[in-house]
>>> print(open('run_24.txt').read())   # compact mmCIF, C-alpha atoms
# COMPACT_ATOMS: atom_id res chain seq x y z
CA MET A 1 -10.16 -17.41 -14.79
CA SER A 2 -8.23 -15.22 -12.40
CA ALA A 3 -7.40 -15.34 -8.74
CA ASP A 4 -7.04 -12.58 -6.20
CA VAL A 5 -3.97 -13.22 -4.12
CA ASP A 6 -3.87 -11.78 -0.62
CA VAL A 7 -0.25 -10.88 0.03
CA MET A 8 -0.94 -8.85 3.15
CA VAL A 9 0.84 -11.16 5.55
CA GLU A 10 0.81 -9.60 9.00
CA MET A 11 4.27 -9.46 10.52
CA PRO A 12 5.16 -8.06 13.96
CA LYS A 13 6.71 -4.61 14.07
CA PRO A 14 10.50 -4.74 14.50
CA LYS A 15 11.75 -4.03 18.00
CA VAL A 16 15.23 -3.08 16.79
CA VAL A 17 16.13 -1.19 13.62
CA GLU A 18 19.56 -0.51 12.20
CA ARG A 19 21.50 2.60 13.16
CA SER A 20 25.09 3.66 12.65
CA ALA A 21 27.57 2.73 15.35
CA ARG A 22 30.06 5.13 16.90
CA ASP A 23 33.38 4.24 15.34
CA LEU A 24 36.70 5.85 14.43
CA ASN A 25 39.32 5.39 11.78
CA GLY A 26 41.37 2.46 13.02
CA TRP A 27 44.75 3.33 11.54
CA PRO A 28 45.65 6.18 13.96
CA VAL A 29 44.47 4.03 16.86
CA LEU A 30 46.60 1.15 15.60
CA GLY A 31 49.65 3.43 15.48
CA LEU A 32 48.92 4.68 19.00
CA ALA A 33 48.55 1.10 20.28
CA VAL A 34 51.87 0.06 18.70
CA VAL A 35 53.65 3.08 20.23
CA ALA A 36 52.12 2.36 23.65
CA VAL A 37 53.19 -1.30 23.61
CA ALA A 38 56.68 -0.44 22.35
CA ALA A 39 57.08 2.26 25.01
CA ALA A 40 55.82 -0.16 27.66
CA VAL A 41 58.46 -2.74 26.70
CA VAL A 42 61.24 -0.17 26.78
CA LEU A 43 60.15 1.30 30.13
CA PHE A 44 59.73 -2.16 31.60
CA ILE A 45 63.30 -3.13 30.67
CA VAL A 46 64.72 0.16 31.91
CA GLY A 47 62.74 -0.07 35.14
CA LEU A 48 63.97 -3.58 35.85
CA ASP A 49 67.58 -2.63 35.18
CA GLY A 50 67.38 0.46 37.37
CA GLU A 51 65.12 -1.21 39.93
CA ASN A 52 62.68 1.62 39.37
CA THR A 53 59.25 0.43 40.48
CA ALA A 54 57.49 3.51 39.11
CA LEU A 55 58.76 2.86 35.60
CA VAL A 56 57.63 -0.77 35.80
CA VAL A 57 54.16 0.30 36.88
CA VAL A 58 53.97 2.85 34.06
CA ALA A 59 55.15 0.21 31.60
CA ILE A 60 52.43 -2.18 32.75
CA VAL A 61 49.78 0.55 32.47
CA LEU A 62 50.96 1.47 28.96
CA PHE A 63 50.99 -2.16 27.90
CA VAL A 64 47.44 -2.73 29.17
CA ALA A 65 46.28 0.48 27.46
CA GLY A 66 47.88 -0.60 24.19
CA VAL A 67 46.21 -4.03 24.38
CA ILE A 68 42.84 -2.43 25.13
CA LEU A 69 43.22 -0.05 22.18
CA ALA A 70 44.18 -2.92 19.90
CA GLY A 71 41.17 -4.90 21.11
CA GLY A 72 38.82 -2.30 19.61
CA LEU A 73 40.28 -2.56 16.11
CA THR A 74 37.77 -4.10 13.72
CA PRO A 75 38.41 -4.83 10.01
CA VAL A 76 35.31 -4.47 7.81
CA SER A 77 35.38 -6.03 4.35
CA PRO A 78 33.48 -4.55 1.37
CA GLY A 79 30.01 -6.05 1.12
CA ARG A 80 29.95 -6.92 4.81
CA ALA A 81 28.85 -5.17 7.98
CA ARG A 82 29.55 -5.51 11.70
CA VAL A 83 26.70 -5.56 14.22
CA LEU A 84 27.85 -4.28 17.63
CA GLN A 85 26.55 -5.29 21.03
CA ILE A 86 27.68 -3.81 24.34
CA LEU A 87 26.69 -5.82 27.39
CA GLY A 88 23.77 -7.36 25.51
CA ARG A 89 22.44 -4.10 24.04
CA TYR A 90 22.50 -3.25 20.35
CA ALA A 91 25.07 -0.50 19.82
CA GLY A 92 24.81 0.06 16.06
CA THR A 93 26.16 -1.26 12.79
CA ILE A 94 29.42 -0.50 10.99
CA ARG A 95 29.08 -0.47 7.19
CA THR A 96 32.22 1.59 6.36
CA ASP A 97 34.83 -0.78 4.97
CA GLY A 98 38.43 -0.67 6.14
CA LEU A 99 40.03 -0.73 9.58
CA ARG A 100 37.68 0.80 12.16
CA TRP A 101 37.91 1.23 15.93
CA VAL A 102 34.99 0.71 18.31
CA ASN A 103 34.42 0.17 22.00
CA PRO A 104 36.79 -2.69 22.94
CA ILE A 105 34.25 -4.41 25.19
CA SER A 106 31.69 -4.72 22.38
CA THR A 107 30.97 -7.95 20.54
CA ARG A 108 31.06 -7.62 16.75
CA LYS A 109 29.06 -10.00 14.56
CA GLU A 110 29.82 -10.01 10.86
CA ILE A 111 26.89 -10.09 8.39
CA SER A 112 27.12 -10.18 4.61
CA THR A 113 25.23 -7.42 2.81
CA ARG A 114 25.98 -8.81 -0.64
CA ILE A 115 23.29 -9.84 -3.10
CA ARG A 116 22.34 -13.49 -2.72
CA ASN A 117 19.98 -15.87 -4.46
CA HIS A 118 17.99 -18.81 -3.21
CA GLU A 119 16.45 -21.47 -5.43
CA THR A 120 13.64 -23.53 -4.01
CA ALA A 121 13.40 -27.25 -4.52
CA VAL A 122 10.82 -28.54 -6.99
CA ALA A 123 7.56 -28.66 -5.02
CA LYS A 124 4.51 -30.69 -5.95
CA VAL A 125 1.35 -28.68 -5.27
CA ASN A 126 -2.18 -28.24 -6.60
CA ASP A 127 -3.02 -25.23 -8.74
CA ALA A 128 -6.26 -23.23 -8.47
CA ASP A 129 -8.08 -25.87 -10.56
CA GLY A 130 -6.91 -28.70 -8.31
CA ASN A 131 -4.43 -30.10 -10.85
CA PRO A 132 -1.14 -31.40 -9.40
CA ILE A 133 1.80 -29.42 -10.75
CA GLU A 134 5.52 -29.12 -10.12
CA ILE A 135 6.94 -25.66 -9.47
CA ALA A 136 10.22 -24.11 -8.36
CA ALA A 137 11.47 -20.52 -8.20
CA VAL A 138 14.59 -18.48 -7.52
CA VAL A 139 14.61 -15.30 -5.44
CA VAL A 140 17.36 -12.66 -5.45
CA TRP A 141 17.65 -10.89 -2.10
CA GLN A 142 19.88 -8.76 0.07
CA VAL A 143 20.12 -7.87 3.75
CA GLU A 144 18.85 -4.31 4.11
CA ASP A 145 18.59 -3.98 7.90
CA THR A 146 21.36 -5.81 9.73
CA ALA A 147 19.79 -5.24 13.15
CA GLN A 148 16.54 -6.94 12.17
CA ALA A 149 18.41 -9.77 10.48
CA THR A 150 20.37 -10.36 13.70
CA PHE A 151 17.80 -9.83 16.43
CA GLU A 152 14.34 -10.37 14.92
CA VAL A 153 14.85 -13.95 13.65
CA ASP A 154 17.02 -16.86 14.71
CA ASP A 155 18.56 -17.53 11.28
CA PHE A 156 17.67 -15.04 8.55
CA VAL A 157 19.03 -17.27 5.75
CA GLU A 158 16.82 -20.17 6.78
CA PHE A 159 13.94 -17.74 7.35
CA VAL A 160 14.20 -16.48 3.76
CA ALA A 161 14.33 -20.04 2.43
CA ILE A 162 11.20 -21.16 4.30
CA GLN A 163 9.20 -18.02 3.53
CA THR A 164 10.14 -18.23 -0.15
CA GLU A 165 8.91 -21.80 -0.38
CA THR A 166 5.69 -20.84 1.41
CA ALA A 167 5.09 -17.95 -1.00
CA VAL A 168 5.73 -20.15 -4.04
CA ARG A 169 3.20 -22.72 -2.80
CA HIS A 170 0.66 -19.98 -2.10
CA ILE A 171 1.05 -18.52 -5.59
CA ALA A 172 0.73 -21.97 -7.17
CA ASN A 173 -2.49 -22.58 -5.24
CA SER A 174 -3.92 -19.20 -6.25
CA TYR A 175 -3.64 -19.43 -10.05
CA PRO A 176 -4.45 -22.13 -12.61
CA TYR A 177 -1.62 -23.68 -14.59
CA ASP A 178 -3.40 -22.80 -17.80
CA VAL A 179 -6.66 -21.05 -18.76
CA HIS A 180 -9.09 -23.19 -20.75
CA THR A 181 -12.03 -20.79 -20.90
CA GLU A 182 -12.89 -18.03 -23.34
CA GLU A 183 -12.96 -15.42 -20.56
CA GLY A 184 -9.20 -15.79 -20.16
CA GLY A 185 -7.39 -14.55 -17.07
CA LEU A 186 -4.05 -14.94 -15.37
CA SER A 187 -2.34 -18.30 -15.46
CA LEU A 188 1.01 -19.63 -14.28
CA ARG A 189 2.08 -20.60 -17.80
CA ASP A 190 1.00 -17.55 -19.81
CA SER A 191 1.14 -14.65 -17.32
CA THR A 192 4.81 -14.87 -16.36
CA ASP A 193 5.46 -11.18 -15.68
CA GLU A 194 2.31 -10.68 -13.59
CA ILE A 195 2.85 -13.87 -11.60
CA THR A 196 6.52 -13.16 -10.84
CA GLY A 197 5.62 -9.61 -9.83
CA THR A 198 3.03 -10.93 -7.39
CA LEU A 199 5.50 -13.54 -6.14
CA SER A 200 8.18 -10.91 -5.49
CA THR A 201 5.68 -8.76 -3.60
CA GLU A 202 4.53 -11.63 -1.40
CA ILE A 203 8.05 -12.82 -0.61
CA GLY A 204 9.06 -9.24 0.19
CA VAL A 205 6.22 -8.88 2.68
CA ARG A 206 7.00 -12.22 4.31
CA VAL A 207 10.74 -11.56 4.80
CA GLN A 208 10.40 -7.91 5.76
CA ALA A 209 10.59 -8.83 9.45
CA ALA A 210 14.11 -10.17 8.88
CA GLY A 211 15.34 -6.90 7.35
CA VAL A 212 15.64 -8.49 3.91
CA HIS A 213 14.94 -6.74 0.60
CA VAL A 214 13.76 -8.86 -2.34
CA ILE A 215 15.27 -7.66 -5.62
CA GLU A 216 13.42 -10.04 -7.94
CA SER A 217 12.06 -13.55 -8.23
CA ARG A 218 11.51 -15.90 -11.15
CA ILE A 219 9.79 -19.23 -11.69
CA THR A 220 12.48 -21.65 -12.85
CA HIS A 221 10.44 -24.83 -13.20
CA LEU A 222 6.76 -25.27 -14.06
CA ALA A 223 5.14 -28.47 -15.30
CA TYR A 224 2.23 -30.75 -14.73
CA ALA A 225 2.87 -33.64 -12.35
CA PRO A 226 3.90 -36.84 -14.18
CA GLU A 227 0.63 -38.64 -13.39
CA ILE A 228 -1.45 -36.14 -15.40
CA ALA A 229 1.16 -34.80 -17.82
CA GLN A 230 0.05 -36.97 -20.76
CA ALA A 231 -3.64 -36.21 -20.26
CA MET A 232 -2.98 -32.47 -20.03
CA LEU A 233 -0.72 -32.63 -23.09
CA ARG A 234 -3.53 -34.18 -25.11
CA ARG A 235 -5.88 -31.49 -23.79
CA GLN A 236 -3.49 -28.77 -24.87
CA GLN A 237 -3.07 -30.38 -28.27
CA ALA A 238 -6.83 -30.60 -28.70
CA GLY A 239 -7.23 -26.96 -27.72
CA ALA A 240 -4.50 -25.96 -30.18
CA ILE A 241 -6.17 -27.94 -32.97
CA VAL A 242 -9.55 -26.35 -32.27
CA ALA A 243 -8.02 -22.86 -32.22
CA ALA A 244 -6.17 -23.54 -35.47
CA ARG A 245 -9.34 -24.86 -37.10
CA GLN A 246 -11.21 -21.72 -36.10
CA ARG A 247 -8.54 -19.54 -37.70
CA ILE A 248 -8.55 -21.66 -40.84
CA VAL A 249 -12.32 -21.53 -41.17
CA GLU A 250 -12.38 -17.76 -40.64
CA GLY A 251 -9.74 -17.32 -43.33
CA ALA A 252 -11.44 -19.71 -45.72
CA VAL A 253 -14.81 -17.98 -45.41
CA GLY A 254 -13.16 -14.65 -46.14
CA MET A 255 -11.43 -16.05 -49.20
CA VAL A 256 -14.69 -17.55 -50.52
CA GLU A 257 -16.51 -14.25 -50.03
CA LEU A 258 -13.72 -12.42 -51.83
CA ALA A 259 -13.76 -14.92 -54.74
CA LEU A 260 -17.52 -14.60 -55.22
CA GLU A 261 -17.33 -10.79 -55.07
CA ARG A 262 -14.51 -10.66 -57.63
CA LEU A 263 -16.34 -13.02 -60.02
CA SER A 264 -19.46 -10.90 -59.74
CA GLU A 265 -17.63 -7.57 -60.15
CA HIS A 266 -15.75 -8.64 -63.31
CA ASN A 267 -18.63 -10.64 -64.78
CA VAL A 268 -16.38 -13.62 -65.25
CA VAL A 269 -19.22 -16.11 -64.94
CA GLU A 270 -22.81 -16.03 -63.79
CA LEU A 271 -23.67 -18.64 -61.17
CA ASP A 272 -27.08 -19.47 -59.83
CA GLU A 273 -27.62 -20.18 -56.16
CA GLU A 274 -27.10 -23.92 -56.56
CA ARG A 275 -23.79 -23.47 -58.37
CA LYS A 276 -22.68 -20.88 -55.84
CA ALA A 277 -23.39 -23.39 -53.06
CA THR A 278 -21.40 -26.03 -54.93
CA MET A 279 -18.49 -23.63 -55.45
CA VAL A 280 -18.51 -22.59 -51.80
CA SER A 281 -18.52 -26.24 -50.73
CA ASN A 282 -15.63 -27.11 -53.03
CA LEU A 283 -13.55 -24.10 -51.92
CA LEU A 284 -14.11 -24.83 -48.24
CA VAL A 285 -13.08 -28.45 -48.76
CA VAL A 286 -9.89 -27.34 -50.51
CA LEU A 287 -9.03 -24.60 -48.01
CA CYS A 288 -9.98 -26.43 -44.80
CA GLY A 289 -8.84 -29.94 -45.64
CA ASP A 290 -5.91 -31.63 -43.89
CA ARG A 291 -4.55 -32.98 -47.15
CA ASP A 292 -4.00 -31.54 -50.60
CA ALA A 293 -7.13 -31.71 -52.73
CA GLN A 294 -7.15 -33.98 -55.80
CA PRO A 295 -8.87 -31.96 -58.54
CA VAL A 296 -11.26 -33.63 -60.95
CA VAL A 297 -11.47 -31.91 -64.32
CA ASN A 298 -14.99 -31.76 -65.73
CA ALA A 299 -14.68 -31.88 -69.54
CA GLY A 300 -18.41 -31.82 -70.10
CA SER A 301 -21.13 -29.35 -69.35
CA LEU A 302 -21.25 -27.49 -66.10
CA TYR A 303 -24.73 -28.90 -65.45
CA GLN A 304 -23.92 -32.55 -66.25
>>> encode(input="run_24.txt", output="structure tokens")
Amino acid sequence: MSADVDVMVEMPKPKVVERSARDLNGWPVLGLAVVAVAAAVVLFIVGLDGENTALVVVAIVLFVAGVILAGGLTPVSPGRARVLQILGRYAGTIRTDGLRWVNPISTRKEISTRIRNHETAVAKVNDADGNPIEIAAVVVWQVEDTAQATFEVDDFVEFVAIQTETAVRHIANSYPYDVHTEEGGLSLRDSTDEITGTLSTEIGVRVQAAGVHVIESRITHLAYAPEIAQAMLRRQQAGAIVAARQRIVEGAVGMVELALERLSEHNVVELDEERKATMVSNLLVVLCGDRDAQPVVNAGSLYQ
């Protein structure tokens, strides 16, 4: 049994996409700001002593300029980015780590671009056959578009968590826990690689609106619900016993055929149809029995 999973979840097109912000190396600007403030202090003191109003005004202007320059300095840590807004408009993203300088009137929101993982709680859902199962998964993800993560959703971390849980439930509902038919097909228990690939694809489509890239996902917990676990365990055991019996019978029949052929080829003994049937019956009992056979030695005639 197999299930076709529709992962084409329609998401709105992003209104804002990431672009690089206009920024400068912050160290020269820092040096210029320090010089401006220092010069302002010196000129202010000299102007007060000499009662020079012009020097005081220049000192104030230099001090304000130094403060404004310093206000645009923005440290960016490795694995993090800064999303800039100027008067409510998106002005770009800084991904270059180190000390950078941007427009002083901009607001700068820090967003982590490091790889993260989220593990869902154990959810109780019904599989494609209607059996209650318990399932949990972990998804490894990373912010790819900082603008979408900031402006397209309220909280991209919570958004990823909710969409991941939704995708896990959808996958659990779309496939059976185990396949019990001869036709076979995908199942949650036996088709791990295919199921996790489908799960990663569906999560990726669902979180695309938040600018998130899904690296991989894995099912971390999969089991029947407690109320049917014992019944399903007995069913699995019965299926395993039947499969084992089939293999044993196939092997035993082959061994009996080989024994009869060898006896006939080497003329070890000539058996009529009745004795062949008896020999086949005895060999099958010995080869297919659950316990070791207890041989009975016939000391008399073969036809007694």
>>> closest_residue(input="run_24.txt", among="A:Pro14, A:Gly72, A:Gly66, A:Pro226", to="Glu152 in chain A", atoms="all atoms listed in the file")
A:Pro14
>>> atom_distance(input="run_24.txt", atom1="CA of Ala209 in chain A", atom2="CA of Leu188 in chain A")
27.8 Å
>>> residues_around(input="run_24.txt", residues="Asp127 in chain A", least_positions_apart="3", cutoff="9 Å", atoms="all atoms listed in the file", output="PyMOL selection string")
chain A and resi 130-133+169+171-177+188
>>> atom_distance(input="run_24.txt", atom1="CA of Val64 in chain A", atom2="CA of Val41 in chain A")
11.3 Å
>>> atom_distance(input="run_24.txt", atom1="CA of Glu273 in chain A", atom2="CA of Leu258 in chain A")
16.5 Å
>>> residues_around(input="run_24.txt", residues="Thr93 in chain A", least_positions_apart="2", cutoff="9 Å", atoms="all atoms listed in the file", output="VMD selection string")
chain A and resid 18 to 22 81 to 84 90 to 91 95 108 146 to 147
>>> write_last_selection(input="run_24.txt", atoms="C-alpha atoms", output="CSV table (one decimal), keeping the file's coordinate frame")
chain,number,residue,atom,x,y,z
A,18,GLU,CA,19.6,-0.5,12.2
A,19,ARG,CA,21.5,2.6,13.2
A,20,SER,CA,25.1,3.7,12.6
A,21,ALA,CA,27.6,2.7,15.4
A,22,ARG,CA,30.1,5.1,16.9
A,81,ALA,CA,28.8,-5.2,8.0
A,82,ARG,CA,29.6,-5.5,11.7
A,83,VAL,CA,26.7,-5.6,14.2
A,84,LEU,CA,27.8,-4.3,17.6
A,90,TYR,CA,22.5,-3.2,20.4
A,91,ALA,CA,25.1,-0.5,19.8
A,95,ARG,CA,29.1,-0.5,7.2
A,108,ARG,CA,31.1,-7.6,16.8
A,146,THR,CA,21.4,-5.8,9.7
A,147,ALA,CA,19.8,-5.2,13.2
>>> closest_residue(input="run_24.txt", among="A:Val35, A:Ile115, A:Val42, A:Val160", to="Arg206 in chain A", atoms="all atoms listed in the file")
A:Val160
>>> residues_near_point(input="run_24.txt", point="(40.1, 3.7, 9.2)", cutoff="8 Å", atoms="all atoms listed in the file", output="list in words")
Leu24, Asn25, Gly26, Trp27, Pro28, Gly98, Leu99, Arg100 and Trp101 of chain A
>>> residues_around(input="run_24.txt", residues="Phe151 in chain A", least_positions_apart="6", cutoff="10 Å", atoms="all atoms listed in the file", output="CSV table (one decimal) with C-alpha atoms, in the coordinates of the input")
chain,number,residue,atom,x,y,z
A,14,PRO,CA,10.5,-4.7,14.5
A,15,LYS,CA,11.8,-4.0,18.0
A,16,VAL,CA,15.2,-3.1,16.8
A,17,VAL,CA,16.1,-1.2,13.6
A,90,TYR,CA,22.5,-3.2,20.4
A,210,ALA,CA,14.1,-10.2,8.9
A,211,GLY,CA,15.3,-6.9,7.4
>>> axis_aligned_box(input="run_24.txt", around="range 57-63 of chain A", padding_each_side="6 Å", output="AutoDock Vina command-line options")
--center_x 52.5 --center_y 0.3 --center_z 32.4 --size_x 17.4 --size_y 17.0 --size_z 21.0
>>> closest_residue(input="run_24.txt", among="A:Val179, A:Ala149, A:Lys124, A:Val205", to="Glu227 in chain A", atoms="all atoms listed in the file")
A:Lys124
>>> residues_near_point(input="run_24.txt", point="(58.2, -4.9, 32.0)", cutoff="12 Å", atoms="all atoms listed in the file", output="count of residues only")
28
>>> residues_around(input="run_24.txt", residues="Thr166 in chain A", least_positions_apart="4", cutoff="12 Å", atoms="all atoms listed in the file", output="compact mmCIF listing (two decimals) with C-alpha atoms, keeping the file's coordinate frame")
# COMPACT_ATOMS: atom_id res chain seq x y z
CA VAL A 7 -0.25 -10.88 0.03
CA VAL A 9 0.84 -11.16 5.55
CA THR A 120 13.64 -23.53 -4.01
CA ALA A 121 13.40 -27.25 -4.52
CA ALA A 123 7.56 -28.66 -5.02
CA VAL A 125 1.35 -28.68 -5.27
CA ILE A 135 6.94 -25.66 -9.47
CA ALA A 136 10.22 -24.11 -8.36
CA ALA A 137 11.47 -20.52 -8.20
CA PHE A 159 13.94 -17.74 7.35
CA VAL A 160 14.20 -16.48 3.76
CA ALA A 161 14.33 -20.04 2.43
CA ILE A 162 11.20 -21.16 4.30
CA HIS A 170 0.66 -19.98 -2.10
CA ILE A 171 1.05 -18.52 -5.59
CA ALA A 172 0.73 -21.97 -7.17
CA ASN A 173 -2.49 -22.58 -5.24
CA LEU A 199 5.50 -13.54 -6.14
CA GLU A 202 4.53 -11.63 -1.40
CA ILE A 203 8.05 -12.82 -0.61
CA ARG A 206 7.00 -12.22 4.31
CA VAL A 207 10.74 -11.56 4.80
>>> closest_residue(input="run_24.txt", among="A:Glu250, A:Glu134, A:Glu216, A:Glu261", to="Thr164 in chain A", atoms="all atoms listed in the file")
A:Glu216
>>> closest_residue(input="run_24.txt", among="A:Val157, A:Leu271, A:Thr196, A:Lys13", to="Ile215 in chain A", atoms="all atoms listed in the file")
A:Thr196
